[in-house]
Amino acid sequence: MKHIGIITSGGDSPGMNACIRAIVRTASFNDIKVTGFYRGYEGLLENDSLVLTRYDVRNIIHRGGTFLKTSRSEEFRTQAGRSKASKILKNMGIEGLIVIGGDGSLIGANLISIENDIPVIGCPGTIDNDLFGTDFTIGYHTAVDTAIEAVDNIRDTASSHNRLFFVEVMGRDAGLIALRTGIAAGAEGILIPETPSDINRLVKYLKTDFKKKRRSGIIIVAEGESEGGAFEVAKKVQREFPEWEMKVTVLGHIQRGGKPNGFDRILASRIGHGALLALNKGRNREMIGISGGELIYTPLEKAVKHNSTISPYLLELVEALS
Ligand code: F6P
């Protein structure tokens, strides 16, 4: 290939910049021109773009967010929108596209490729870690680290005041951020959408073990939890223990920002490098991911099938350690 395009799309995640950098530097190494489009598919539809040289991606590997910016595009969800975007790419002489994003972004990448014969490769960029075909998505580990740090801070004040805190973490309908954060922060309880959460079970635990031995605690609640968010869960538990002081903290977008940790910088660099080589070798409609430490390729239509399989071992760990 002589010329490729890149976009970052959907919710940003720490490490997206490192991935862009790896793609641009690998392209430059192979004499391939790169055009970056701002604001994801929105920017592509408006041809809001710039040519990226290896020097344009200096000093970004450590920065959170995405310097290409991102968005969720309604127009690109339509076939007409995707056809317009493909004409823009073809007129610019762009022979292939790399999309860094989550499931919605990769669904769009698959469709533009099928409908308009544009080669695409997807890079998993989302804090939710809910894509099939990779052990980890870019940004997930950093988001978990950020959440752990916040929960550690909350624990100091929770124990000083003998309070029970319900901390809500992101993840859309996946509980993977909640699970790892809860294990690492030593949470007394973790509620995730993948397992039938039972408030009664939590209440029973609080009435027995917890009431006897502890005076403060942290319950992590995934935002997609079927019992409702942290406020809802806290309300239900408070009814059983009117005398206890309970507080709710929703961590929110703090989990999406911040500099990527070492793991995410290396993961993003490997995935970006692999994505450019894959596209140049003629691979198409695949997401590049990591499994057992090796780069692997999964057809996009499979990768976007919601996946947040929870290892039974981790559930056992939670049960034993909380
Ligand atoms: O998919 C990433 C994510 O941060 C989810 O965890 C969360 O549900 C959603 O995006 C929030 O999206 P927005 O920033 O558009 O409110």
# chains A, B, ... in the order shown; residues from 1 in each chain; ligands from 1

call {"tool": "residues_around", "arguments": {"residues": "region 185-192 of chain A", "least_positions_apart": "6", "cutoff": "8 Å", "atoms": "only C-alpha atoms", "output": "number ranges by chain"}}
result
A: 148, 151-152, 174-176, 178-179, 202, 217-222, 224-226, 318, 321-322

call {"tool": "closest_atom_pairs", "arguments": {"of": "region 278-299 of chain A", "to": "region 4-26 of chain A", "cutoff": "12 Å", "atoms": "only C-alpha atoms", "output": "Markdown table"}}
result
| residue | atom | partner | partner_atom | distance |
| --- | --- | --- | --- | --- |
| A:Ala278 | CA | A:Ile23 | CA | 10.9 |
| A:Leu279 | CA | A:Ile4 | CA | 8.9 |
| A:Asn280 | CA | A:Ile4 | CA | 9.1 |
| A:Ile288 | CA | A:Cys19 | CA | 12.0 |

call {"tool": "write_last_selection", "arguments": {"atoms": "N, CA, C and O atoms", "output": "PDB file, in the first residue's frame"}}
result
ATOM      1  N   ALA A 278      -0.365  -5.818   9.043  1.00  0.00           N
ATOM      2  CA  ALA A 278      -1.464  -6.690   8.596  1.00  0.00           C
ATOM      3  C   ALA A 278      -2.179  -6.081   7.384  1.00  0.00           C
ATOM      4  O   ALA A 278      -2.422  -6.757   6.378  1.00  0.00           O
ATOM      5  N   LEU A 279      -2.491  -4.787   7.486  1.00  0.00           N
ATOM      6  CA  LEU A 279      -3.194  -4.122   6.376  1.00  0.00           C
ATOM      7  C   LEU A 279      -2.327  -4.161   5.121  1.00  0.00           C
ATOM      8  O   LEU A 279      -2.808  -4.466   4.023  1.00  0.00           O
ATOM      9  N   ASN A 280      -1.053  -3.901   5.281  1.00  0.00           N
ATOM     10  CA  ASN A 280      -0.132  -3.857   4.141  1.00  0.00           C
ATOM     11  C   ASN A 280       0.049  -5.228   3.506  1.00  0.00           C
ATOM     12  O   ASN A 280       0.318  -5.336   2.313  1.00  0.00           O
ATOM     13  N   ILE A 288      -7.066  -6.949  15.349  1.00  0.00           N
ATOM     14  CA  ILE A 288      -5.834  -7.506  15.874  1.00  0.00           C
ATOM     15  C   ILE A 288      -5.898  -7.423  17.396  1.00  0.00           C
ATOM     16  O   ILE A 288      -6.243  -6.382  17.958  1.00  0.00           O
TER      17      ILE A 288
END

call {"tool": "closest_atom_pairs", "arguments": {"of": "chain A", "to": "ligand 1", "cutoff": "10 Å", "atoms": "only C-alpha atoms and all ligand atoms", "output": "tab-separated table"}}
result
residue	atom	partner	partner_atom_place_in_ligand_line	distance
A:Gly10	CA	ligand 1	1 (O)	7.2
A:Gly11	CA	ligand 1	2 (C)	4.9
A:Asp12	CA	ligand 1	2 (C)	7.3
A:Ser13	CA	ligand 1	2 (C)	7.7
A:Ser71	CA	ligand 1	15 (O)	8.5
A:Arg72	CA	ligand 1	15 (O)	8.0
A:Gly101	CA	ligand 1	1 (O)	9.0
A:Gly102	CA	ligand 1	1 (O)	6.8
A:Asp103	CA	ligand 1	1 (O)	8.5
A:Gly104	CA	ligand 1	1 (O)	9.2
A:Gly125	CA	ligand 1	1 (O)	9.1
A:Thr126	CA	ligand 1	2 (C)	5.7
A:Ile127	CA	ligand 1	2 (C)	5.7
A:Asp128	CA	ligand 1	6 (O)	5.4
A:Asn129	CA	ligand 1	1 (O)	8.9
A:Asp130	CA	ligand 1	1 (O)	8.9
A:Gly139	CA	ligand 1	2 (C)	9.8
A:Tyr140	CA	ligand 1	2 (C)	9.7
A:Ala143	CA	ligand 1	4 (O)	9.5
A:Val169	CA	ligand 1	6 (O)	8.0
A:Met170	CA	ligand 1	6 (O)	4.2
A:Gly171	CA	ligand 1	6 (O)	3.6
A:Arg172	CA	ligand 1	8 (O)	3.6
A:Asp173	CA	ligand 1	8 (O)	7.4
A:Ala174	CA	ligand 1	6 (O)	8.1
A:Gly175	CA	ligand 1	6 (O)	9.6
A:Ile177	CA	ligand 1	6 (O)	8.8
A:Ala222	CA	ligand 1	6 (O)	9.5
A:Glu223	CA	ligand 1	8 (O)	7.2
A:Gly224	CA	ligand 1	8 (O)	8.0
A:Gly252	CA	ligand 1	4 (O)	7.9
A:His253	CA	ligand 1	4 (O)	6.8
A:Ile254	CA	ligand 1	4 (O)	9.6
A:Gln255	CA	ligand 1	4 (O)	7.7
A:Arg256	CA	ligand 1	4 (O)	6.3
A:Gly257	CA	ligand 1	4 (O)	9.9

call {"tool": "write_last_selection", "arguments": {"atoms": "N, CA, C and O atoms", "output": "CSV table (one decimal), in the first residue's frame"}}
result
chain,number,residue,atom,x,y,z
A,10,GLY,N,-15.5,6.4,18.9
A,10,GLY,CA,-16.2,5.9,20.2
A,10,GLY,C,-15.6,6.5,21.4
A,10,GLY,O,-14.9,7.6,21.3
A,11,GLY,N,-15.8,5.9,22.5
A,11,GLY,CA,-15.2,6.5,23.8
A,11,GLY,C,-13.7,6.4,23.7
A,11,GLY,O,-13.1,5.3,23.3
A,12,ASP,N,-13.0,7.4,24.1
A,12,ASP,CA,-11.5,7.4,24.1
A,12,ASP,C,-11.0,6.4,25.2
A,12,ASP,O,-11.7,6.0,26.1
A,13,SER,N,-9.7,6.0,25.0
A,13,SER,CA,-9.2,5.1,26.1
A,13,SER,C,-7.7,5.4,26.1
A,13,SER,O,-7.0,5.7,25.1
A,71,SER,N,-15.5,10.6,18.3
A,71,SER,CA,-16.9,10.9,18.4
A,71,SER,C,-17.7,9.7,18.1
A,71,SER,O,-17.1,8.6,17.8
A,72,ARG,N,-19.0,9.8,18.3
A,72,ARG,CA,-19.9,8.7,17.9
A,72,ARG,C,-20.8,9.3,16.8
A,72,ARG,O,-21.4,10.2,17.0
A,101,GLY,N,-10.9,1.6,18.2
A,101,GLY,CA,-12.2,1.9,18.9
A,101,GLY,C,-12.8,0.6,19.5
A,101,GLY,O,-12.2,-0.5,19.5
A,102,GLY,N,-14.0,0.8,20.0
A,102,GLY,CA,-14.7,-0.3,20.7
A,102,GLY,C,-15.7,-1.0,19.7
A,102,GLY,O,-15.5,-0.9,18.4
A,103,ASP,N,-16.7,-1.7,20.2
A,103,ASP,CA,-17.5,-2.5,19.3
A,103,ASP,C,-18.3,-1.7,18.3
A,103,ASP,O,-18.3,-2.1,17.1
A,104,GLY,N,-18.9,-0.6,18.7
A,104,GLY,CA,-19.7,0.2,17.7
A,104,GLY,C,-18.8,0.6,16.5
A,104,GLY,O,-19.2,0.6,15.4
A,125,GLY,N,-9.7,-0.6,21.1
A,125,GLY,CA,-9.5,0.6,22.0
A,125,GLY,C,-10.7,0.9,22.8
A,125,GLY,O,-11.7,1.5,22.3
A,126,THR,N,-10.8,0.4,24.0
A,126,THR,CA,-11.9,0.7,24.9
A,126,THR,C,-11.5,0.3,26.3
A,126,THR,O,-10.8,-0.7,26.5
A,127,ILE,N,-12.0,1.1,27.3
A,127,ILE,CA,-11.7,0.7,28.7
A,127,ILE,C,-12.5,-0.5,29.1
A,127,ILE,O,-12.2,-1.1,30.2
A,128,ASP,N,-13.5,-0.9,28.4
A,128,ASP,CA,-14.5,-1.9,28.9
A,128,ASP,C,-14.0,-3.3,28.8
A,128,ASP,O,-14.5,-4.2,29.5
A,129,ASN,N,-13.0,-3.6,27.9
A,129,ASN,CA,-12.4,-4.9,27.7
A,129,ASN,C,-13.5,-5.9,27.3
A,129,ASN,O,-13.4,-7.1,27.7
A,130,ASP,N,-14.4,-5.5,26.5
A,130,ASP,CA,-15.5,-6.4,26.1
A,130,ASP,C,-15.5,-6.9,24.7
A,130,ASP,O,-16.6,-7.2,24.1
A,139,GLY,N,-6.3,0.4,27.0
A,139,GLY,CA,-6.9,1.3,28.0
A,139,GLY,C,-7.5,0.6,29.2
A,139,GLY,O,-7.7,1.3,30.2
A,140,TYR,N,-7.8,-0.7,29.1
A,140,TYR,CA,-8.5,-1.4,30.2
A,140,TYR,C,-7.6,-1.4,31.5
A,140,TYR,O,-8.1,-1.0,32.5
A,143,ALA,N,-7.4,2.0,33.1
A,143,ALA,CA,-8.7,2.4,33.8
A,143,ALA,C,-8.8,1.6,35.1
A,143,ALA,O,-9.3,2.2,36.1
A,169,VAL,N,-18.4,1.8,39.1
A,169,VAL,CA,-17.3,1.9,38.1
A,169,VAL,C,-17.9,1.7,36.7
A,169,VAL,O,-19.0,1.2,36.6
A,170,MET,N,-17.2,2.2,35.7
A,170,MET,CA,-17.7,2.1,34.3
A,170,MET,C,-17.6,0.7,33.7
A,170,MET,O,-17.1,-0.2,34.4
A,171,GLY,N,-17.9,0.5,32.5
A,171,GLY,CA,-17.8,-0.8,31.8
A,171,GLY,C,-19.0,-1.0,30.9
A,171,GLY,O,-19.2,-2.1,30.4
A,172,ARG,N,-19.9,-0.1,30.8
A,172,ARG,CA,-21.2,-0.2,30.1
A,172,ARG,C,-21.9,-1.5,30.6
A,172,ARG,O,-22.2,-1.6,31.8
A,173,ASP,N,-22.1,-2.5,29.7
A,173,ASP,CA,-22.8,-3.7,30.3
A,173,ASP,C,-21.8,-4.9,30.6
A,173,ASP,O,-22.2,-6.0,30.8
A,174,ALA,N,-20.5,-4.5,30.8
A,174,ALA,CA,-19.5,-5.5,31.2
A,174,ALA,C,-19.0,-5.2,32.6
A,174,ALA,O,-18.9,-4.1,33.0
A,175,GLY,N,-18.7,-6.3,33.3
A,175,GLY,CA,-18.3,-6.1,34.7
A,175,GLY,C,-16.8,-6.3,34.9
A,175,GLY,O,-16.4,-6.5,36.1
A,177,ILE,N,-14.2,-4.3,34.6
A,177,ILE,CA,-13.4,-3.2,35.3
A,177,ILE,C,-13.8,-3.4,36.8
A,177,ILE,O,-12.9,-3.4,37.7
A,222,ALA,N,-20.8,-2.5,39.3
A,222,ALA,CA,-20.6,-2.2,37.9
A,222,ALA,C,-21.8,-1.3,37.4
A,222,ALA,O,-22.9,-1.5,37.8
A,223,GLU,N,-21.5,-0.4,36.5
A,223,GLU,CA,-22.6,0.5,36.0
A,223,GLU,C,-23.7,-0.3,35.4
A,223,GLU,O,-24.9,0.2,35.4
A,224,GLY,N,-23.4,-1.4,34.8
A,224,GLY,CA,-24.4,-2.2,34.1
A,224,GLY,C,-25.1,-3.2,35.0
A,224,GLY,O,-25.9,-4.1,34.5
A,252,GLY,N,-17.1,7.5,37.3
A,252,GLY,CA,-17.4,8.2,36.1
A,252,GLY,C,-16.2,8.4,35.2
A,252,GLY,O,-15.3,7.5,35.1
A,253,HIS,N,-16.1,9.5,34.5
A,253,HIS,CA,-15.1,9.6,33.4
A,253,HIS,C,-13.7,9.8,33.9
A,253,HIS,O,-12.8,9.7,33.0
A,254,ILE,N,-13.5,9.9,35.2
A,254,ILE,CA,-12.1,9.9,35.7
A,254,ILE,C,-11.4,8.7,35.2
A,254,ILE,O,-10.2,8.7,35.0
A,255,GLN,N,-12.2,7.6,35.0
A,255,GLN,CA,-11.5,6.3,34.6
A,255,GLN,C,-11.1,6.3,33.2
A,255,GLN,O,-10.3,5.4,32.8
A,256,ARG,N,-11.6,7.2,32.4
A,256,ARG,CA,-11.2,7.2,30.9
A,256,ARG,C,-10.0,8.0,30.7
A,256,ARG,O,-9.3,7.9,29.7
A,257,GLY,N,-9.7,9.0,31.6
A,257,GLY,CA,-8.6,9.9,31.3
A,257,GLY,C,-7.3,9.4,32.0
A,257,GLY,O,-7.3,8.3,32.5

call {"tool": "select_by_dssp", "arguments": {"residues": "region 222-308 of chain A", "states": "alpha helix (DSSP H)", "output": "count of residues only"}}
result
34

call {"tool": "residues_around", "arguments": {"residues": "Ser83 (chain A)", "least_positions_apart": "4", "cutoff": "7 Å", "atoms": "only C-alpha atoms", "output": "number ranges by chain"}}
result
A: 79, 87, 116

call {"tool": "write_last_selection", "arguments": {"atoms": "N, CA, C and O atoms", "output": "mmCIF file, in the first residue's frame"}}
result
data_model
loop_
_atom_site.group_PDB
_atom_site.id
_atom_site.type_symbol
_atom_site.label_atom_id
_atom_site.label_comp_id
_atom_site.auth_asym_id
_atom_site.auth_seq_id
_atom_site.Cartn_x
_atom_site.Cartn_y
_atom_site.Cartn_z
ATOM 1 N N GLN A 79 -26.133 3.463 5.599
ATOM 2 C CA GLN A 79 -25.368 2.986 4.437
ATOM 3 C C GLN A 79 -24.945 4.172 3.570
ATOM 4 O O GLN A 79 -23.840 4.193 3.018
ATOM 5 N N LYS A 87 -16.258 7.197 -0.612
ATOM 6 C CA LYS A 87 -15.891 8.030 -1.785
ATOM 7 C C LYS A 87 -14.784 9.005 -1.402
ATOM 8 O O LYS A 87 -13.836 9.239 -2.158
ATOM 9 N N ASN A 116 -18.262 -1.317 0.478
ATOM 10 C CA ASN A 116 -17.549 -0.458 -0.476
ATOM 11 C C ASN A 116 -16.167 -0.971 -0.863
ATOM 12 O O ASN A 116 -15.389 -0.256 -1.487
#

call {"tool": "residues_around", "arguments": {"residues": "Gly282 (chain A)", "least_positions_apart": "2", "cutoff": "12 Å", "atoms": "only C-alpha atoms", "output": "MDAnalysis selection string"}}
result
chainID A and resid 1 95:97 118:121 275:280 284:286

call {"tool": "write_last_selection", "arguments": {"atoms": "N, CA and C atoms", "output": "CSV table (one decimal), in the first residue's frame"}}
result
chain,number,residue,atom,x,y,z
A,1,MET,N,0.8,-1.2,0.0
A,1,MET,CA,0.0,0.0,0.0
A,1,MET,C,0.9,1.2,0.0
A,95,GLU,N,-5.9,3.6,0.4
A,95,GLU,CA,-6.2,2.2,0.0
A,95,GLU,C,-6.6,1.3,1.1
A,96,GLY,N,-6.5,1.8,2.4
A,96,GLY,CA,-7.0,1.0,3.5
A,96,GLY,C,-7.1,1.9,4.7
A,97,LEU,N,-7.9,1.4,5.7
A,97,LEU,CA,-8.3,2.2,6.9
A,97,LEU,C,-8.0,1.4,8.1
A,118,ILE,N,-13.4,-1.6,0.9
A,118,ILE,CA,-12.3,-0.9,1.4
A,118,ILE,C,-11.6,-1.8,2.4
A,119,PRO,N,-10.3,-2.1,2.3
A,119,PRO,CA,-9.7,-2.9,3.3
A,119,PRO,C,-9.6,-2.2,4.7
A,120,VAL,N,-10.0,-2.9,5.7
A,120,VAL,CA,-9.9,-2.3,7.1
A,120,VAL,C,-9.3,-3.3,8.1
A,121,ILE,N,-8.6,-2.7,9.1
A,121,ILE,CA,-8.2,-3.5,10.2
A,121,ILE,C,-8.6,-2.7,11.5
A,275,ALA,N,-1.1,-3.8,13.3
A,275,ALA,CA,-2.2,-3.5,12.4
A,275,ALA,C,-1.7,-2.9,11.1
A,276,LEU,N,-0.7,-2.1,11.1
A,276,LEU,CA,-0.2,-1.6,9.8
A,276,LEU,C,0.4,-2.7,9.0
A,277,LEU,N,1.2,-3.6,9.6
A,277,LEU,CA,1.8,-4.7,8.8
A,277,LEU,C,0.7,-5.6,8.2
A,278,ALA,N,-0.4,-5.8,9.0
A,278,ALA,CA,-1.5,-6.7,8.6
A,278,ALA,C,-2.2,-6.1,7.4
A,279,LEU,N,-2.5,-4.8,7.5
A,279,LEU,CA,-3.2,-4.1,6.4
A,279,LEU,C,-2.3,-4.2,5.1
A,280,ASN,N,-1.1,-3.9,5.3
A,280,ASN,CA,-0.1,-3.9,4.1
A,280,ASN,C,0.0,-5.2,3.5
A,284,ASN,N,-7.7,-8.3,5.9
A,284,ASN,CA,-8.9,-7.4,5.8
A,284,ASN,C,-10.0,-7.8,6.8
A,285,ARG,N,-10.7,-6.8,7.2
A,285,ARG,CA,-11.9,-7.1,8.1
A,285,ARG,C,-11.5,-7.9,9.3
A,286,GLU,N,-10.4,-7.6,9.9
A,286,GLU,CA,-10.0,-8.4,11.1
A,286,GLU,C,-9.6,-7.4,12.2

call {"tool": "atom_distance", "arguments": {"atom1": "CA of Ser28 (chain A)", "atom2": "CA of His3 (chain A)"}}
result
10.5 Å

call {"tool": "atom_distance", "arguments": {"atom1": "CA of Asn110 (chain A)", "atom2": "CA of Leu300 (chain A)"}}
result
6.1 Å

call {"tool": "residues_around", "arguments": {"residues": "His141 (chain A)", "least_positions_apart": "5", "cutoff": "8 Å", "atoms": "only C-alpha atoms", "output": "list in words"}}
result
Ile127, Phe136, Asn261, Phe263 and Asp264 of chain A

call {"tool": "select_by_dssp", "arguments": {"residues": "region 100-278 of chain A", "states": "strand (DSSP E or B)", "output": "JSON, numbers by chain"}}
result
{"A": [100, 101, 120, 121, 122, 123, 124, 125, 138, 164, 165, 166, 167, 168, 169, 189, 190, 191, 217, 218, 219, 220, 221, 222, 246, 247, 248, 249, 250]}

call {"tool": "closest_residue", "arguments": {"among": "A:Thr195, A:Ser269, A:Thr134, A:Ser216", "to": "Asn307 (chain A)", "atoms": "only C-alpha atoms"}}
result
A:Thr134

call {"tool": "closest_atom_pairs", "arguments": {"of": "region 87-144 of chain A", "to": "region 40-60 of chain A", "cutoff": "10 Å", "atoms": "only C-alpha atoms", "output": "tab-separated table"}}
result
residue	atom	partner	partner_atom	distance
A:Lys87	CA	A:Leu45	CA	9.5
A:Ile88	CA	A:Asn47	CA	7.0
A:Leu89	CA	A:Leu44	CA	8.2
A:Met92	CA	A:Asn47	CA	9.5
A:Val99	CA	A:Gly40	CA	8.4
A:Ile100	CA	A:Gly40	CA	9.0
A:Gly101	CA	A:Gly40	CA	9.2
A:Ser105	CA	A:Tyr41	CA	8.5
A:Gly108	CA	A:Tyr41	CA	8.8
A:Ala109	CA	A:Tyr41	CA	9.5

call {"tool": "write_last_selection", "arguments": {"atoms": "N, CA and C atoms", "output": "compact mmCIF listing (two decimals), in the first residue's frame"}}
result
# COMPACT_ATOMS: atom_id res chain seq x y z
N LYS A 87 -16.26 7.20 -0.61
CA LYS A 87 -15.89 8.03 -1.79
C LYS A 87 -14.78 9.01 -1.40
N ILE A 88 -14.90 9.57 -0.20
CA ILE A 88 -13.86 10.50 0.27
C ILE A 88 -12.51 9.77 0.33
N LEU A 89 -12.52 8.56 0.90
CA LEU A 89 -11.27 7.80 1.02
C LEU A 89 -10.69 7.51 -0.37
N MET A 92 -9.16 10.41 -2.18
CA MET A 92 -7.86 10.82 -1.61
C MET A 92 -6.76 9.81 -1.93
N VAL A 99 -9.00 1.44 12.12
CA VAL A 99 -9.94 2.04 13.07
C VAL A 99 -9.57 1.58 14.48
N ILE A 100 -9.35 2.55 15.37
CA ILE A 100 -9.05 2.22 16.77
C ILE A 100 -10.31 2.57 17.58
N GLY A 101 -10.93 1.57 18.19
CA GLY A 101 -12.16 1.87 18.94
C GLY A 101 -12.79 0.61 19.52
N SER A 105 -17.56 1.07 16.88
CA SER A 105 -16.62 1.56 15.87
C SER A 105 -16.19 0.44 14.93
N GLY A 108 -18.91 -0.50 12.44
CA GLY A 108 -18.88 0.46 11.32
C GLY A 108 -17.76 0.15 10.35
N ALA A 109 -16.59 -0.23 10.88
CA ALA A 109 -15.44 -0.54 10.02
C ALA A 109 -15.75 -1.75 9.15

call {"tool": "residues_around", "arguments": {"residues": "Phe231 (chain A)", "least_positions_apart": "6", "cutoff": "10 Å", "atoms": "only C-alpha atoms", "output": "PyMOL selection string"}}
result
chain A and resi 166-168+221+247-250
